[in-house]
Amino acid sequence: MNISNVATAPSREVSFARRVFDLGKNSLRELNQALHNLAPGSNETAWEVLNPKGSHSVAVGVDQPVSIDVRGSVGYYCAGMNDGGTITVHGSAGPGVGENMMSGQIVVKGDASQYAGATGRGGLLVIEGNASSRCGISMKGIDIVVRGNIGHMSAFMAQSGNLVVLGDAGDALGDSIYEAGLFVRGKVKSLGADCIKKEMRPEHIALLQDLLDRAGIKDAKPEEFSRYGSARTLYNFNIDNADAY
Amino acid sequence: MCGIVGLFLKDKSLEPKLGALLSEMLVSLTDRGPDSAGIAIYDSGAAGHGKITIQSSTPKADFEGLEVELSKKIGAKVSSIVKSTHAVLDVPADKLEEARAAIAELRPNVRLMGVGEAIEIYKEVGLPADVVKRFDLARMGGSHGIGHTRMATESAVTTLGAHPFSTGPDQCLVHNGSLSNHNNLRRELIRDGMRFETENDTEVAAAYLSSKIAHGQNLGEALQSSLDDLDGFFTFVVGTKNGFGVVRDPIACKPAVMAETDQYVAFGSEYRALANLPGIEEARVWEPEPSTVYFWEH
């Protein structure tokens with residue numbers, strides 16, 4: 001046994017220490033650069049961000065499976081483009097939280113402003129409060145679970161993924177929707193163009209149960225939700241005519 | 001973009017800090033609009049007194065001797081405080097209209113910023129931090145106020161193009177967005193007797209509200225009417241002698257966040273503007289709904 005190897009082994013206390021960035025002292029650029037500098041397999045997996053005070057672009061572009069706790073409310077585009085990170089905002093989030101997320105998970109403990117999860121391609125966005133207008137606009141594979149209500153024009157032009165709402169939805173839900181699944185437990189103020197109520201079949205119950213489980217929601221049953229989706233009457237593309245395009 | 005802020009104090013003990021709090025809120029939104037900035041601040045002075053805020057690009061020449069000349073002209077005592085390019089004249093409340101007409105005659109180059117019993121308006125081209133410093137706004141007290149940092153879209157970058165716009169006694173308005181039917185509305189309002197000093201769309205919104213109020217609506221009703229008659233994007237924050245209101249258009253794509261505690265109601269285009277207010281951690285924070293009028297009064 002080579003004793004010296006043990007003696008010179010990296011100090012685990014340091015390697016696994018939680019990295020803390022205080023945005024009252026460190027710049028946002030320092031935080032995001034440090035996150036971008038993470039190499040695959042890095043041991044620096046736990047991060048904490050203090051005093052965000054509504055800063056924009058906190059933890060944008062994370063591409064490693066790290067866990068980041070943001071203590072306070074953030075401004076625009078928090079956790080945008082997240083690819084594999086687990087980012088928790090212990091406060092509210094401004095416009096565009098999780099915009100274009102690829103994978104991973106974002107949890108907002110408070111409310112989220114406009115276009116939460118816009119254009120997201122994967123991963124799970126959980127909003128424990130309410131979300132504002134255009135939640136999930138043009139979503140392309142992301143799953144979004146909102147415990148509260150969502151505002152008007154949510155899931156506008158949604159293409160893929162699922163939007164689950166435990167509360168109510170505002171005007172024009174799913175306007176011009178393509179193929180995403182919308183599940184609302186409360187009232188829907190109005191449906192947008194080409195969005196219709198659909199039957200809840202066993203596979204939808206199973207899908208919804210999985211989403212609720214992953215979002216850590218235990219007090220809602222899939223059977224309590226209504227499903228909405230595309231009537232496909234706005235589709236102009238016909239595969240038989242592909243040569244003509 | 002533009003950044004707007006507003007603070008309506010419920011707790012009188014905060015009143016000496018109003019200017020400091022509003023200034024900090026405004027400066028925090030500098031990157032939403034770095035071309036000009038302005039603040040309207042409400043502080044009711046002694047009963048029976050009125051205030052006229054004027055602006056001049058040649059303040060030394062225009063403000064010199066104005067107190068004496070104006071006093072003679074309206075037959076009443078006039079005093080003034082000069083701050084950089086602005087002066088606030090103190091005249092008897094029942095002589096406000098007379099004094100306003102006399103100023104136009106005595107100093108035709110002077111621009112009228114606001115008239116009323118409580119309102120003072122300070123606005124200039126430049127970064128919010130510079131504007132705030134120039135008028136020493138951080139040392140001002142008051143009961144409520146609104147502010148604006150501008151990124152010009154619909155009209156020129158000039159002092160008069162800066163917000164707030166005041167088109168009626170103790171009324172003022174700041175705006176984030178742009179109106180698409182302002183030219184037509186301006187023509188209608190001119191026929192109705194309103195006066196305009198700029199080509200700015202926001203001035204039309206302010207004049208629209210003043211006109212509705214002049215026709216007997218209260219501010220809440222006037223704001224409700226604006227949702228039917230104004231076309232475009234808007235988040236408005238308005239001030240009256242003792243009130244503070246907010247309204248957003250039906251699309252509501254311009255950002256807005258509000259906070260309320262026992263001490264105050266605050267508005268910001270972004271949460272950043274509210275982040276340093278006292279007790280914000282415990283405040284009720286929410287995003288105002290589209291097409292919904294919010295209003296508080298003392």
# chains A, B, ... in the order shown; residues from 1 in each chain; ligands from 1
$ residues_around --residues "Pro40 of chain A" --least-positions-apart "3" --cutoff "9 Å" --atoms "only C-alpha atoms" --output "number ranges by chain"
A: 63-65
$ select_by_dssp --residues "segment 230-290 of chain B" --states "helix (DSSP H, G or I)" --output "ChimeraX atom specification"
/B:271-273,280-282
$ write_last_selection --atoms "N, CA, C and O atoms" --output "mmCIF file, in the first residue's frame"
data_model
loop_
_atom_site.group_PDB
_atom_site.id
_atom_site.type_symbol
_atom_site.label_atom_id
_atom_site.label_comp_id
_atom_site.auth_asym_id
_atom_site.auth_seq_id
_atom_site.Cartn_x
_atom_site.Cartn_y
_atom_site.Cartn_z
ATOM 1 N N TYR B 271 -37.649 44.117 -10.720
ATOM 2 C CA TYR B 271 -37.501 43.907 -9.281
ATOM 3 C C TYR B 271 -36.241 44.585 -8.736
ATOM 4 O O TYR B 271 -36.210 45.025 -7.584
ATOM 5 N N ARG B 272 -35.221 44.699 -9.587
ATOM 6 C CA ARG B 272 -33.983 45.365 -9.158
ATOM 7 C C ARG B 272 -34.255 46.707 -8.507
ATOM 8 O O ARG B 272 -33.579 47.125 -7.571
ATOM 9 N N ALA B 273 -35.243 47.430 -9.052
ATOM 10 C CA ALA B 273 -35.538 48.776 -8.556
ATOM 11 C C ALA B 273 -36.107 48.734 -7.134
ATOM 12 O O ALA B 273 -36.038 49.710 -6.401
ATOM 13 N N ILE B 280 -38.409 44.908 2.076
ATOM 14 C CA ILE B 280 -38.861 44.311 0.809
ATOM 15 C C ILE B 280 -38.966 42.783 0.937
ATOM 16 O O ILE B 280 -39.782 42.144 0.266
ATOM 17 N N GLU B 281 -38.159 42.206 1.818
ATOM 18 C CA GLU B 281 -38.168 40.733 1.981
ATOM 19 C C GLU B 281 -39.540 40.238 2.444
ATOM 20 O O GLU B 281 -39.952 39.140 2.110
ATOM 21 N N GLU B 282 -40.217 41.076 3.218
ATOM 22 C CA GLU B 282 -41.532 40.659 3.738
ATOM 23 C C GLU B 282 -42.683 41.258 2.927
ATOM 24 O O GLU B 282 -43.854 41.055 3.258
#
$ atom_distance --atom1 "atom CA of Pro92 of chain B" --atom2 "atom CA of Thr167 of chain B"
19.9 Å
$ residues_around --residues "Ala162 of chain B" --least-positions-apart "6" --cutoff "10 Å" --atoms "only C-alpha atoms" --output "ChimeraX atom specification"
/B:35-39,122-126,148-152,155-156,174,200,202-203
$ atom_distance --atom1 "atom CA of Leu173 of chain B" --atom2 "atom CA of Ala129 of chain B"
20.8 Å
$ interface_residues --of "chain A" --to "chain B" --cutoff "8 Å" --atoms "only C-alpha atoms" --output "JSON, numbers by chain"
{"A": [53, 54, 55, 73, 74, 75, 94, 95, 113, 114, 132]}
